[in-house]
$ cat target26.cif   # mmCIF, C-alpha atoms and all ligand atoms
data_query
loop_
_atom_site.label_atom_id
_atom_site.label_comp_id
_atom_site.auth_asym_id
_atom_site.auth_seq_id
_atom_site.Cartn_x
_atom_site.Cartn_y
_atom_site.Cartn_z
CA MET A 1 0.00 0.00 0.00
CA ILE A 2 2.91 2.31 0.74
CA THR A 3 6.51 2.02 -0.46
CA THR A 4 9.21 4.65 -0.22
CA ARG A 5 12.81 4.70 -1.37
CA ALA A 6 15.26 7.11 0.25
CA LEU A 7 12.51 9.65 0.85
CA THR A 8 14.07 12.93 1.94
CA LYS A 9 12.83 16.37 2.93
CA SER A 10 15.09 19.33 3.57
CA PHE A 11 14.10 22.79 4.76
CA GLY A 12 16.98 24.96 3.57
CA SER A 13 20.17 23.32 4.82
CA PHE A 14 18.31 21.32 7.49
CA THR A 15 17.36 17.73 6.67
CA ALA A 16 14.13 16.90 8.51
CA VAL A 17 13.65 13.47 6.89
CA ASN A 18 16.74 11.62 5.73
CA LYS A 19 16.50 8.83 3.10
CA ILE A 20 13.63 6.90 4.62
CA SER A 21 12.72 3.61 2.96
CA LEU A 22 9.71 1.75 4.23
CA GLU A 23 6.99 -0.62 3.20
CA ILE A 24 3.49 -0.86 4.62
CA ARG A 25 1.12 -3.68 3.73
CA GLN A 26 -2.65 -3.74 3.50
CA GLY A 27 -4.58 -3.96 6.76
CA GLU A 28 -1.51 -3.22 8.87
CA ILE A 29 -1.44 -0.81 11.79
CA TYR A 30 1.98 0.71 11.31
CA GLY A 31 3.23 2.69 14.30
CA PHE A 32 5.57 5.59 13.71
CA LEU A 33 7.54 6.54 16.79
CA GLY A 34 10.29 8.97 17.59
CA PRO A 35 11.23 11.91 19.80
CA ASN A 36 9.75 15.39 19.24
CA GLY A 37 11.08 16.96 16.07
CA SER A 38 12.39 13.68 14.64
CA GLY A 39 10.46 14.03 11.37
CA LYS A 40 7.28 12.00 11.89
CA SER A 41 4.78 14.65 10.78
CA THR A 42 7.00 15.68 7.86
CA THR A 43 7.12 12.07 6.63
CA ILE A 44 3.36 11.67 6.95
CA ARG A 45 2.72 14.92 5.09
CA MET A 46 4.89 13.69 2.22
CA LEU A 47 3.03 10.36 2.14
CA CYS A 48 -0.31 12.23 2.01
CA GLY A 49 0.80 14.19 -1.04
CA ILE A 50 0.68 17.48 0.87
CA LEU A 51 4.42 18.13 1.02
CA GLU A 52 6.76 17.56 -1.92
CA PRO A 53 9.86 15.47 -1.15
CA THR A 54 13.26 17.02 -1.81
CA SER A 55 14.57 13.71 -3.16
CA GLY A 56 13.80 10.01 -3.17
CA SER A 57 10.58 8.40 -4.32
CA GLY A 58 7.43 6.76 -3.08
CA VAL A 59 4.27 5.01 -4.18
CA VAL A 60 1.02 5.24 -2.23
CA LEU A 61 -1.99 3.18 -3.39
CA GLY A 62 -0.18 2.69 -6.69
CA TYR A 63 0.24 6.43 -7.28
CA ASP A 64 3.56 8.19 -7.55
CA LEU A 65 4.19 10.52 -4.64
CA ILE A 66 5.59 13.29 -6.79
CA ARG A 67 3.70 13.09 -10.09
CA GLU A 68 0.32 11.99 -8.71
CA ALA A 69 0.14 13.79 -5.37
CA GLU A 70 -3.32 15.21 -6.19
CA LYS A 71 -4.78 11.72 -6.68
CA ILE A 72 -3.25 10.51 -3.42
CA LYS A 73 -4.70 13.47 -1.53
CA ARG A 74 -8.19 12.58 -2.67
CA LYS A 75 -7.90 8.88 -1.91
CA ILE A 76 -6.45 8.82 1.59
CA GLY A 77 -7.74 9.81 5.01
CA TYR A 78 -5.59 12.13 7.09
CA MET A 79 -6.03 13.36 10.62
CA SER A 80 -3.35 15.95 11.31
CA GLN A 81 -1.76 16.71 14.65
CA LYS A 82 -3.83 19.90 14.80
CA PHE A 83 -6.91 18.30 13.36
CA SER A 84 -9.24 20.69 11.66
CA LEU A 85 -12.82 20.81 12.85
CA TYR A 86 -15.11 23.79 12.46
CA ASP A 87 -15.93 24.96 15.96
CA ASP A 88 -19.04 26.88 14.90
CA LEU A 89 -20.53 23.90 13.05
CA THR A 90 -22.34 21.04 14.76
CA VAL A 91 -21.14 17.45 14.78
CA TYR A 92 -23.50 16.65 11.91
CA GLU A 93 -22.49 19.73 9.92
CA ASN A 94 -18.77 18.98 10.28
CA LEU A 95 -19.29 15.49 8.90
CA ASP A 96 -21.51 16.87 6.12
CA PHE A 97 -18.83 19.40 5.22
CA TYR A 98 -16.16 16.69 4.86
CA ALA A 99 -18.57 14.47 2.92
CA GLY A 100 -18.93 17.35 0.46
CA LEU A 101 -15.20 17.92 0.33
CA TYR A 102 -14.63 14.29 -0.65
CA GLY A 103 -17.40 14.50 -3.25
CA ILE A 104 -19.73 11.95 -1.67
CA ALA A 105 -23.08 11.98 -3.52
CA TYR A 106 -26.00 13.68 -1.71
CA ARG A 107 -28.11 10.52 -1.57
CA GLU A 108 -25.22 8.66 0.14
CA ARG A 109 -24.37 11.35 2.67
CA LYS A 110 -27.02 10.85 5.31
CA LYS A 111 -26.21 7.16 5.56
CA ARG A 112 -22.46 7.76 5.76
CA ILE A 113 -22.83 10.48 8.37
CA GLY A 114 -25.01 8.14 10.41
CA GLU A 115 -22.31 5.47 10.19
CA MET A 116 -19.63 7.90 11.33
CA ILE A 117 -21.73 9.09 14.27
CA GLU A 118 -22.20 5.48 15.26
CA MET A 119 -18.52 4.60 14.81
CA ALA A 120 -17.30 7.67 16.71
CA LEU A 121 -19.68 7.00 19.62
CA LEU A 122 -21.32 10.39 19.02
CA LYS A 123 -24.95 9.31 19.06
CA GLY A 124 -27.21 11.91 20.60
CA ARG A 125 -24.60 14.65 20.01
CA GLN A 126 -25.33 15.33 16.34
CA ASN A 127 -26.58 18.83 16.99
CA GLU A 128 -23.93 19.92 19.45
CA LEU A 129 -21.39 22.49 18.32
CA ALA A 130 -17.91 21.04 17.84
CA ALA A 131 -16.62 23.81 20.10
CA ASN A 132 -18.57 22.36 23.02
CA LEU A 133 -17.22 18.82 22.75
CA SER A 134 -14.55 17.55 25.15
CA SER A 135 -11.22 16.65 23.54
CA GLY A 136 -11.93 12.92 23.46
CA TRP A 137 -15.17 13.52 21.55
CA LYS A 138 -13.48 16.01 19.24
CA GLN A 139 -10.83 13.49 18.35
CA ARG A 140 -13.37 10.85 17.44
CA LEU A 141 -15.32 13.39 15.38
CA ALA A 142 -12.08 14.34 13.57
CA LEU A 143 -11.55 10.64 12.86
CA GLY A 144 -15.10 10.44 11.47
CA CYS A 145 -14.32 13.36 9.17
CA ALA A 146 -11.09 11.67 8.02
CA ILE A 147 -12.73 8.35 7.12
CA ILE A 148 -16.15 9.40 5.84
CA SER A 149 -14.90 8.71 2.31
CA ARG A 150 -13.91 5.16 3.36
CA PRO A 151 -10.25 5.57 2.46
CA ALA A 152 -8.09 2.47 1.97
CA ILE A 153 -5.27 4.21 3.85
CA LEU A 154 -5.56 6.30 6.95
CA PHE A 155 -2.82 8.55 8.32
CA LEU A 156 -3.18 9.53 11.96
CA ASP A 157 -0.72 12.01 13.39
CA GLU A 158 -0.78 11.76 17.18
CA PRO A 159 -4.52 11.23 17.24
CA THR A 160 -4.67 10.53 20.96
CA SER A 161 -2.48 13.21 22.48
CA GLY A 162 -4.20 15.28 25.14
CA VAL A 163 -7.10 12.96 25.89
CA SER A 164 -7.89 10.77 28.87
CA PRO A 165 -6.79 7.11 29.06
CA THR A 166 -10.42 6.00 28.62
CA ALA A 167 -10.85 8.12 25.50
CA ARG A 168 -7.51 6.85 24.16
CA ARG A 169 -8.61 3.28 24.61
CA ALA A 170 -11.96 3.90 22.92
CA PHE A 171 -10.16 5.57 20.02
CA PHE A 172 -7.65 2.76 19.55
CA LYS A 173 -10.38 0.17 19.60
CA ILE A 174 -11.97 1.89 16.62
CA ILE A 175 -8.59 1.92 14.86
CA GLN A 176 -8.21 -1.81 15.43
CA GLN A 177 -11.69 -2.42 14.06
CA LEU A 178 -10.84 -0.41 10.91
CA ALA A 179 -7.64 -2.43 10.41
CA HIS A 180 -9.65 -5.59 10.88
CA GLU A 181 -11.83 -4.41 8.00
CA ASN A 182 -8.63 -4.07 5.92
CA THR A 183 -7.93 -0.34 6.20
CA THR A 184 -4.20 0.32 6.24
CA ILE A 185 -3.26 2.65 9.07
CA MET A 186 -0.12 4.62 9.77
CA VAL A 187 -0.22 6.20 13.21
CA THR A 188 2.24 8.29 15.19
CA THR A 189 2.14 8.08 18.94
CA HIS A 190 4.20 8.68 22.05
CA PHE A 191 2.24 6.07 24.02
CA MET A 192 3.87 2.67 24.45
CA ASP A 193 0.60 0.85 25.10
CA GLU A 194 -0.59 2.01 21.67
CA ALA A 195 2.72 1.08 20.06
CA GLU A 196 2.31 -2.42 21.50
CA ARG A 197 -0.91 -2.80 19.54
CA CYS A 198 0.71 -1.98 16.20
CA TYR A 199 1.59 -4.81 13.80
CA ARG A 200 4.86 -3.12 12.96
CA ILE A 201 6.73 -0.21 14.42
CA ALA A 202 9.17 2.15 12.77
CA PHE A 203 11.38 4.27 14.93
CA ILE A 204 12.75 7.54 13.60
CA SER A 205 15.44 9.66 15.19
CA GLU A 206 16.74 12.96 13.80
CA GLY A 207 15.19 12.20 10.43
CA SER A 208 16.61 8.69 10.03
CA LEU A 209 14.78 5.40 10.28
CA ILE A 210 16.69 3.40 12.87
CA ALA A 211 14.39 0.41 13.45
CA ASP A 212 11.43 -1.17 11.70
CA ASP A 213 10.02 -4.45 12.98
CA THR A 214 7.23 -6.10 14.98
CA PRO A 215 6.95 -5.11 18.67
CA GLU A 216 7.94 -8.68 19.63
CA ASN A 217 11.11 -8.70 17.54
CA LEU A 218 12.08 -5.24 18.74
CA LYS A 219 11.81 -6.33 22.35
CA ASN A 220 13.68 -9.59 21.74
CA GLU A 221 16.43 -8.54 19.40
CA VAL A 222 17.47 -4.92 19.72
CA ILE A 223 18.99 -4.76 23.18
CA LYS A 224 22.20 -6.74 23.54
CA GLY A 225 23.07 -7.52 27.13
CA VAL A 226 21.20 -8.15 30.36
CA LEU A 227 18.67 -5.65 31.63
CA ALA A 228 18.38 -5.24 35.39
CA GLU A 229 15.84 -3.23 37.36
CA VAL A 230 17.07 -1.43 40.45
CA VAL A 231 14.81 0.29 42.96
CA HIS A 232 16.82 2.58 45.17
CA PRO A 233 15.71 5.71 47.07
CA ASP A 234 18.60 7.72 45.52
CA GLY A 235 18.25 6.05 42.13
CA LEU A 236 17.87 9.23 40.12
CA PHE A 237 21.16 10.61 41.42
CA MET A 238 23.08 7.40 40.72
CA ILE A 239 22.65 7.26 36.93
CA ASP A 240 25.87 9.06 35.99
CA ASP A 241 28.02 7.05 38.39
CA LEU A 242 26.45 3.76 37.35
CA GLU A 243 27.18 4.51 33.72
CA LYS A 244 30.87 4.89 34.57
CA LEU A 245 31.10 1.31 35.90
CA PRO A 246 32.95 -0.98 33.46
CA TYR A 247 30.21 -3.64 33.38
CA VAL A 248 27.36 -1.16 32.86
CA LYS A 249 26.51 -0.31 29.25
CA GLU A 250 23.90 2.27 30.13
CA CYS A 251 21.32 3.34 32.64
CA SER A 252 18.01 5.21 32.50
CA ASN A 253 15.14 5.89 34.87
CA HIS A 254 11.65 4.44 34.47
CA GLY A 255 9.37 5.94 37.06
CA PRO A 256 10.77 5.07 40.48
CA ALA A 257 13.08 2.38 39.09
CA LEU A 258 16.39 2.39 37.22
CA HIS A 259 16.92 0.13 34.25
CA VAL A 260 20.58 -0.82 34.03
CA LEU A 261 21.93 -2.57 30.96
CA LEU A 262 24.75 -4.92 31.89
CA GLU A 263 27.41 -6.59 29.78
CA SER A 264 26.63 -10.07 31.15
CA PRO A 265 24.56 -11.95 33.77
CA GLU A 266 27.68 -12.20 35.95
CA ALA A 267 27.64 -8.43 36.40
CA VAL A 268 24.41 -8.56 38.44
CA LYS A 269 26.32 -9.51 41.57
CA ALA A 270 28.75 -6.64 41.18
CA LEU A 271 25.83 -4.28 40.64
CA ASN A 272 24.10 -5.54 43.80
CA ASP A 273 27.29 -5.02 45.79
CA TYR A 274 27.64 -1.52 44.42
CA THR A 275 24.05 -0.36 45.05
CA GLY A 276 23.36 -2.35 48.21
CA VAL A 277 19.99 -3.47 46.87
CA GLU A 278 18.97 -6.53 44.91
CA ALA A 279 18.55 -5.98 41.17
CA LYS A 280 15.94 -7.93 39.26
CA ILE A 281 16.59 -9.18 35.73
CA ILE A 282 13.77 -8.03 33.46
CA ARG A 283 12.67 -8.42 29.87
CA PRO A 284 13.05 -5.18 27.88
CA SER A 285 9.83 -3.26 27.29
CA LEU A 286 9.24 -1.22 24.14
CA GLU A 287 10.13 1.87 26.14
CA ASP A 288 13.51 0.32 26.98
CA VAL A 289 14.06 -0.40 23.30
CA PHE A 290 13.28 3.16 22.26
CA VAL A 291 15.35 4.80 24.95
CA TYR A 292 18.22 2.51 23.94
CA LEU A 293 17.85 3.20 20.22
CA ALA A 294 17.57 6.96 20.64
CA LYS A 295 20.68 7.08 22.86
CA LYS A 296 22.63 4.86 20.50
CA HIS A 297 21.68 6.95 17.49
CA ARG A 298 22.52 10.21 19.22
CA ARG A 299 25.95 8.84 20.16
CA ARG A 300 26.58 7.79 16.58
CA VAL A 301 25.78 11.15 15.05
CA SER A 302 27.43 13.32 17.68
N1 LIG A 401 7.98 23.97 7.17
C1 LIG A 401 9.09 23.80 7.90
N2 LIG A 401 10.14 24.66 7.79
C2 LIG A 401 11.26 24.46 8.49
N3 LIG A 401 11.46 23.45 9.36
C3 LIG A 401 10.47 22.58 9.51
C4 LIG A 401 9.22 22.70 8.80
N4 LIG A 401 8.42 21.67 9.16
C5 LIG A 401 9.12 20.95 10.07
N5 LIG A 401 10.34 21.48 10.27
C6 LIG A 401 11.37 20.95 11.17
O1 LIG A 401 11.61 19.59 10.84
C7 LIG A 401 11.85 18.81 12.01
C8 LIG A 401 10.89 17.67 12.04
O2 LIG A 401 9.59 18.17 12.32
P1 LIG A 401 8.32 17.23 12.45
O3 LIG A 401 7.15 18.11 12.69
O4 LIG A 401 8.25 16.32 11.27
O5 LIG A 401 8.67 16.39 13.75
P2 LIG A 401 7.76 15.35 14.57
O6 LIG A 401 8.55 14.09 14.67
O7 LIG A 401 6.42 15.28 13.99
O8 LIG A 401 7.72 16.01 16.03
P3 LIG A 401 6.53 16.02 17.15
O9 LIG A 401 6.64 14.72 17.90
O10 LIG A 401 6.90 17.18 18.02
O11 LIG A 401 5.23 16.21 16.44
C9 LIG A 401 11.74 19.77 13.19
O12 LIG A 401 13.02 20.18 13.56
C10 LIG A 401 10.92 20.93 12.63
O13 LIG A 401 11.25 22.12 13.29
MG MG A 402 4.56 15.75 14.66
#

$ encode --input "target26.cif" --output "structure tokens" --more "lines below"
Ligand SMILES: Nc1ncnc2c1ncn2[C@@H]1O[C@H](COP(=O)(O)OP(=O)(O)OP(=O)(O)O)[C@@H](O)[C@H]1O
Ligand SMILES: [Mg+2]
Amino acid sequence: MITTRALTKSFGSFTAVNKISLEIRQGEIYGFLGPNGSGKSTTIRMLCGILEPTSGSGVVLGYDLIREAEKIKRKIGYMSQKFSLYDDLTVYENLDFYAGLYGIAYRERKKRIGEMIEMALLKGRQNELAANLSSGWKQRLALGCAIISRPAILFLDEPTSGVSPTARRAFFKIIQQLAHENTTIMVTTHFMDEAERCYRIAFISEGSLIADDTPENLKNEVIKGVLAEVVHPDGLFMIDDLEKLPYVKECSNHGPALHVLLESPEAVKALNDYTGVEAKIIRPSLEDVFVYLAKKHRRRVS
């Protein structure tokens, strides 16, 4: 559904997206993760046909990213980071507006709008102004607007930022249902629980793609060494010193605990002696993988 080769976007002398090659198959939920400013939105805007690449190539739904951007724009669904609803229109009117924009025939519209209201759990709110909806409702309405044309591909740029955990869960359930019905979805998120639910995850750092695999493989294969969890009252202040120890590869904090990456299982004893508390060997989480990858990449480029 989506293929890119060395896709690149520069703004002046700054390269925001650097030679990204990826492949996304039909019905996949493809998670796109990376720190702030790493190039996620820029990549998505190129894939939507909104932003012209500086170099490289890509094909979306069989259309060329550069020569056929207009066709792509009409065929895909896109919910931008600052999704655009009309505050002074009602829920129904917003959906009707987008139905018109996508050229959905009048006789079809009522039915489609009804479906979107149902899907977005907005029943009974049709006549409320968008301005008066809470952010969770707004996000689901924005999703309804993005998929009213039943696009085969849906791009979601941080669709769940700024909403409650309950609203996030409701939103992601809808996404999973859409994928189940064969919609291909590319979604950016900073939430690890959402990343876990993706079929594949790409990780981007400073414009470069540095990992692209299933969540399982990422957790099993990226981190080389033994990961130990240490809970210590002064944990936060120990990170720098721990990282200087010869058997410690790196150390980061996860809530009240430290995650210490060791060269080998034998190093656990030395670590226990050093900290005075018992470390527990743990399996890396996705968060561990991303912290590790981002650090490694930063070290390589600096
Ligand atoms: N139109 C533009 N002109 C100049 N620089 C830009 C432009 N658009 C984006 N950038 C820069 O490109 C880099 C990547 O931005 P982008 O918005 O793609 O990051 P992101 O990964 O989506 O970040 P976030 O997680 O904060 O949304 C940033 O340094 C940003 O300042
Ligand atoms: Mg962004």

$ residues_near_ligand --input "target26.cif" --ligand "ligand LIG 401 (chain A)" --cutoff "7 Å" --atoms "only C-alpha atoms and all ligand atoms" --output "PyMOL selection string"
chain A and resi 11+16+34-43

$ atom_distance --input "target26.cif" --atom1 "CA of Ile174 (chain A)" --atom2 "CA of Ala120 (chain A)"
7.9 Å

$ closest_residue --input "target26.cif" --among "A:Lys9, A:His190, A:His180, A:Lys249" --to "ligand MG 402 (chain A)" --atoms "all atoms listed in the file"
A:His190

$ residues_around --input "target26.cif" --residues "Leu121 (chain A)" --least-positions-apart "5" --cutoff "12 Å" --atoms "all atoms listed in the file" --output "number ranges by chain"
A: 91, 114-116, 126, 136-141, 143-144, 167, 170-171, 173-174

$ write_last_selection --input "target26.cif" --atoms "C-alpha atoms" --output "CSV table (one decimal), keeping the file's coordinate frame"
chain,number,residue,atom,x,y,z
A,91,VAL,CA,-21.1,17.4,14.8
A,114,GLY,CA,-25.0,8.1,10.4
A,115,GLU,CA,-22.3,5.5,10.2
A,116,MET,CA,-19.6,7.9,11.3
A,126,GLN,CA,-25.3,15.3,16.3
A,136,GLY,CA,-11.9,12.9,23.5
A,137,TRP,CA,-15.2,13.5,21.6
A,138,LYS,CA,-13.5,16.0,19.2
A,139,GLN,CA,-10.8,13.5,18.4
A,140,ARG,CA,-13.4,10.8,17.4
A,141,LEU,CA,-15.3,13.4,15.4
A,143,LEU,CA,-11.6,10.6,12.9
A,144,GLY,CA,-15.1,10.4,11.5
A,167,ALA,CA,-10.8,8.1,25.5
A,170,ALA,CA,-12.0,3.9,22.9
A,171,PHE,CA,-10.2,5.6,20.0
A,173,LYS,CA,-10.4,0.2,19.6
A,174,ILE,CA,-12.0,1.9,16.6

$ residues_around --input "target26.cif" --residues "Tyr106 (chain A)" --least-positions-apart "6" --cutoff "12 Å" --atoms "all atoms listed in the file" --output "PyMOL selection string"
chain A and resi 96-97+99-100+112-113

$ residues_around --input "target26.cif" --residues "Glu70 (chain A)" --least-positions-apart "4" --cutoff "10 Å" --atoms "all atoms listed in the file" --output "PyMOL selection string"
chain A and resi 48-50+63-66+74-75

$ residues_near_point --input "target26.cif" --point "(-15.9, 10.8, -3.7)" --cutoff "8 Å" --atoms "all atoms listed in the file" --output "NGL selection string"
:A and (74 or 102-105 or 149)

$ closest_residue --input "target26.cif" --among "A:Asn220, A:Thr160, A:Gln176, A:Thr15" --to "Phe191 (chain A)" --atoms "only C-alpha atoms"
A:Thr160

$ closest_residue --input "target26.cif" --among "A:Glu158, A:Asp273, A:Glu23, A:Glu278" --to "ligand MG 402 (chain A)" --atoms "only C-alpha atoms and all ligand atoms"
A:Glu158

$ atom_distance --input "target26.cif" --atom1 "CA of Gly31 (chain A)" --atom2 "CA of Met192 (chain A)"
10.2 Å

$ residues_around --input "target26.cif" --residues "Cys251 (chain A)" --least-positions-apart "3" --cutoff "9 Å" --atoms "only C-alpha atoms" --output "number ranges by chain"
A: 239-240, 242-243, 248, 258-262

$ closest_residue --input "target26.cif" --among "A:Tyr274, A:Tyr247, A:Phe14, A:Phe32" --to "ligand MG 402 (chain A)" --atoms "all atoms listed in the file"
A:Phe32

$ closest_residue --input "target26.cif" --among "A:Pro256, A:Pro246, A:Gly225, A:Pro53" --to "Ile281 (chain A)" --atoms "all atoms listed in the file"
A:Gly225

$ atom_distance --input "target26.cif" --atom1 "CA of Gly124 (chain A)" --atom2 "CA of Pro165 (chain A)"
22.6 Å

$ decode --input "target26.cif" --residues "region 100-124 of chain A" --atoms "N, CA and C atoms" --output "tab-separated table (two decimals), in the first residue's frame"
chain	number	residue	atom	x	y	z
A	100	GLY	N	-18.91	16.51	1.66
A	100	GLY	CA	-18.93	17.35	0.46
A	100	GLY	C	-17.54	17.51	-0.13
A	101	LEU	N	-16.59	17.73	0.75
A	101	LEU	CA	-15.20	17.92	0.33
A	101	LEU	C	-14.70	16.70	-0.44
A	102	TYR	N	-15.07	15.52	0.01
A	102	TYR	CA	-14.63	14.29	-0.65
A	102	TYR	C	-15.54	13.91	-1.82
A	103	GLY	N	-16.54	14.74	-2.09
A	103	GLY	CA	-17.40	14.50	-3.25
A	103	GLY	C	-18.35	13.32	-3.09
A	104	ILE	N	-18.77	13.05	-1.88
A	104	ILE	CA	-19.73	11.95	-1.67
A	104	ILE	C	-21.12	12.43	-2.12
A	105	ALA	N	-21.79	11.60	-2.93
A	105	ALA	CA	-23.08	11.98	-3.52
A	105	ALA	C	-24.10	12.29	-2.42
A	106	TYR	N	-25.00	13.26	-2.70
A	106	TYR	CA	-26.00	13.68	-1.71
A	106	TYR	C	-26.80	12.51	-1.14
A	107	ARG	N	-27.24	11.61	-2.04
A	107	ARG	CA	-28.11	10.52	-1.57
A	107	ARG	C	-27.37	9.57	-0.63
A	108	GLU	N	-26.03	9.54	-0.71
A	108	GLU	CA	-25.22	8.66	0.14
A	108	GLU	C	-24.92	9.30	1.50
A	109	ARG	N	-24.95	10.64	1.52
A	109	ARG	CA	-24.37	11.35	2.67
A	109	ARG	C	-24.99	11.03	4.01
A	110	LYS	N	-26.33	11.03	4.03
A	110	LYS	CA	-27.02	10.85	5.31
A	110	LYS	C	-26.61	9.52	5.94
A	111	LYS	N	-26.56	8.50	5.09
A	111	LYS	CA	-26.21	7.16	5.56
A	111	LYS	C	-24.78	7.16	6.11
A	112	ARG	N	-23.87	7.73	5.33
A	112	ARG	CA	-22.46	7.76	5.76
A	112	ARG	C	-22.28	8.54	7.06
A	113	ILE	N	-22.96	9.66	7.15
A	113	ILE	CA	-22.83	10.48	8.37
A	113	ILE	C	-23.34	9.69	9.57
A	114	GLY	N	-24.46	8.99	9.36
A	114	GLY	CA	-25.01	8.14	10.41
A	114	GLY	C	-24.00	7.09	10.86
A	115	GLU	N	-23.32	6.49	9.87
A	115	GLU	CA	-22.31	5.47	10.19
A	115	GLU	C	-21.17	6.06	11.01
A	116	MET	N	-20.75	7.25	10.63
A	116	MET	CA	-19.63	7.90	11.33
A	116	MET	C	-20.02	8.26	12.77
A	117	ILE	N	-21.25	8.73	12.93
A	117	ILE	CA	-21.73	9.09	14.27
A	117	ILE	C	-21.76	7.85	15.16
A	118	GLU	N	-22.17	6.75	14.55
A	118	GLU	CA	-22.20	5.48	15.26
A	118	GLU	C	-20.78	5.04	15.64
A	119	MET	N	-19.90	5.03	14.63
A	119	MET	CA	-18.52	4.60	14.81
A	119	MET	C	-17.80	5.44	15.87
A	120	ALA	N	-18.03	6.74	15.82
A	120	ALA	CA	-17.30	7.67	16.71
A	120	ALA	C	-17.99	7.81	18.08
A	121	LEU	N	-18.97	6.98	18.33
A	121	LEU	CA	-19.68	7.00	19.62
A	121	LEU	C	-20.23	8.40	19.91
A	122	LEU	N	-20.82	9.02	18.88
A	122	LEU	CA	-21.32	10.39	19.02
A	122	LEU	C	-22.85	10.47	18.94
A	123	LYS	N	-23.48	9.33	19.12
A	123	LYS	CA	-24.95	9.31	19.06
A	123	LYS	C	-25.55	10.25	20.09
A	124	GLY	N	-26.56	10.99	19.68
A	124	GLY	CA	-27.21	11.91	20.60
A	124	GLY	C	-26.51	13.27	20.65
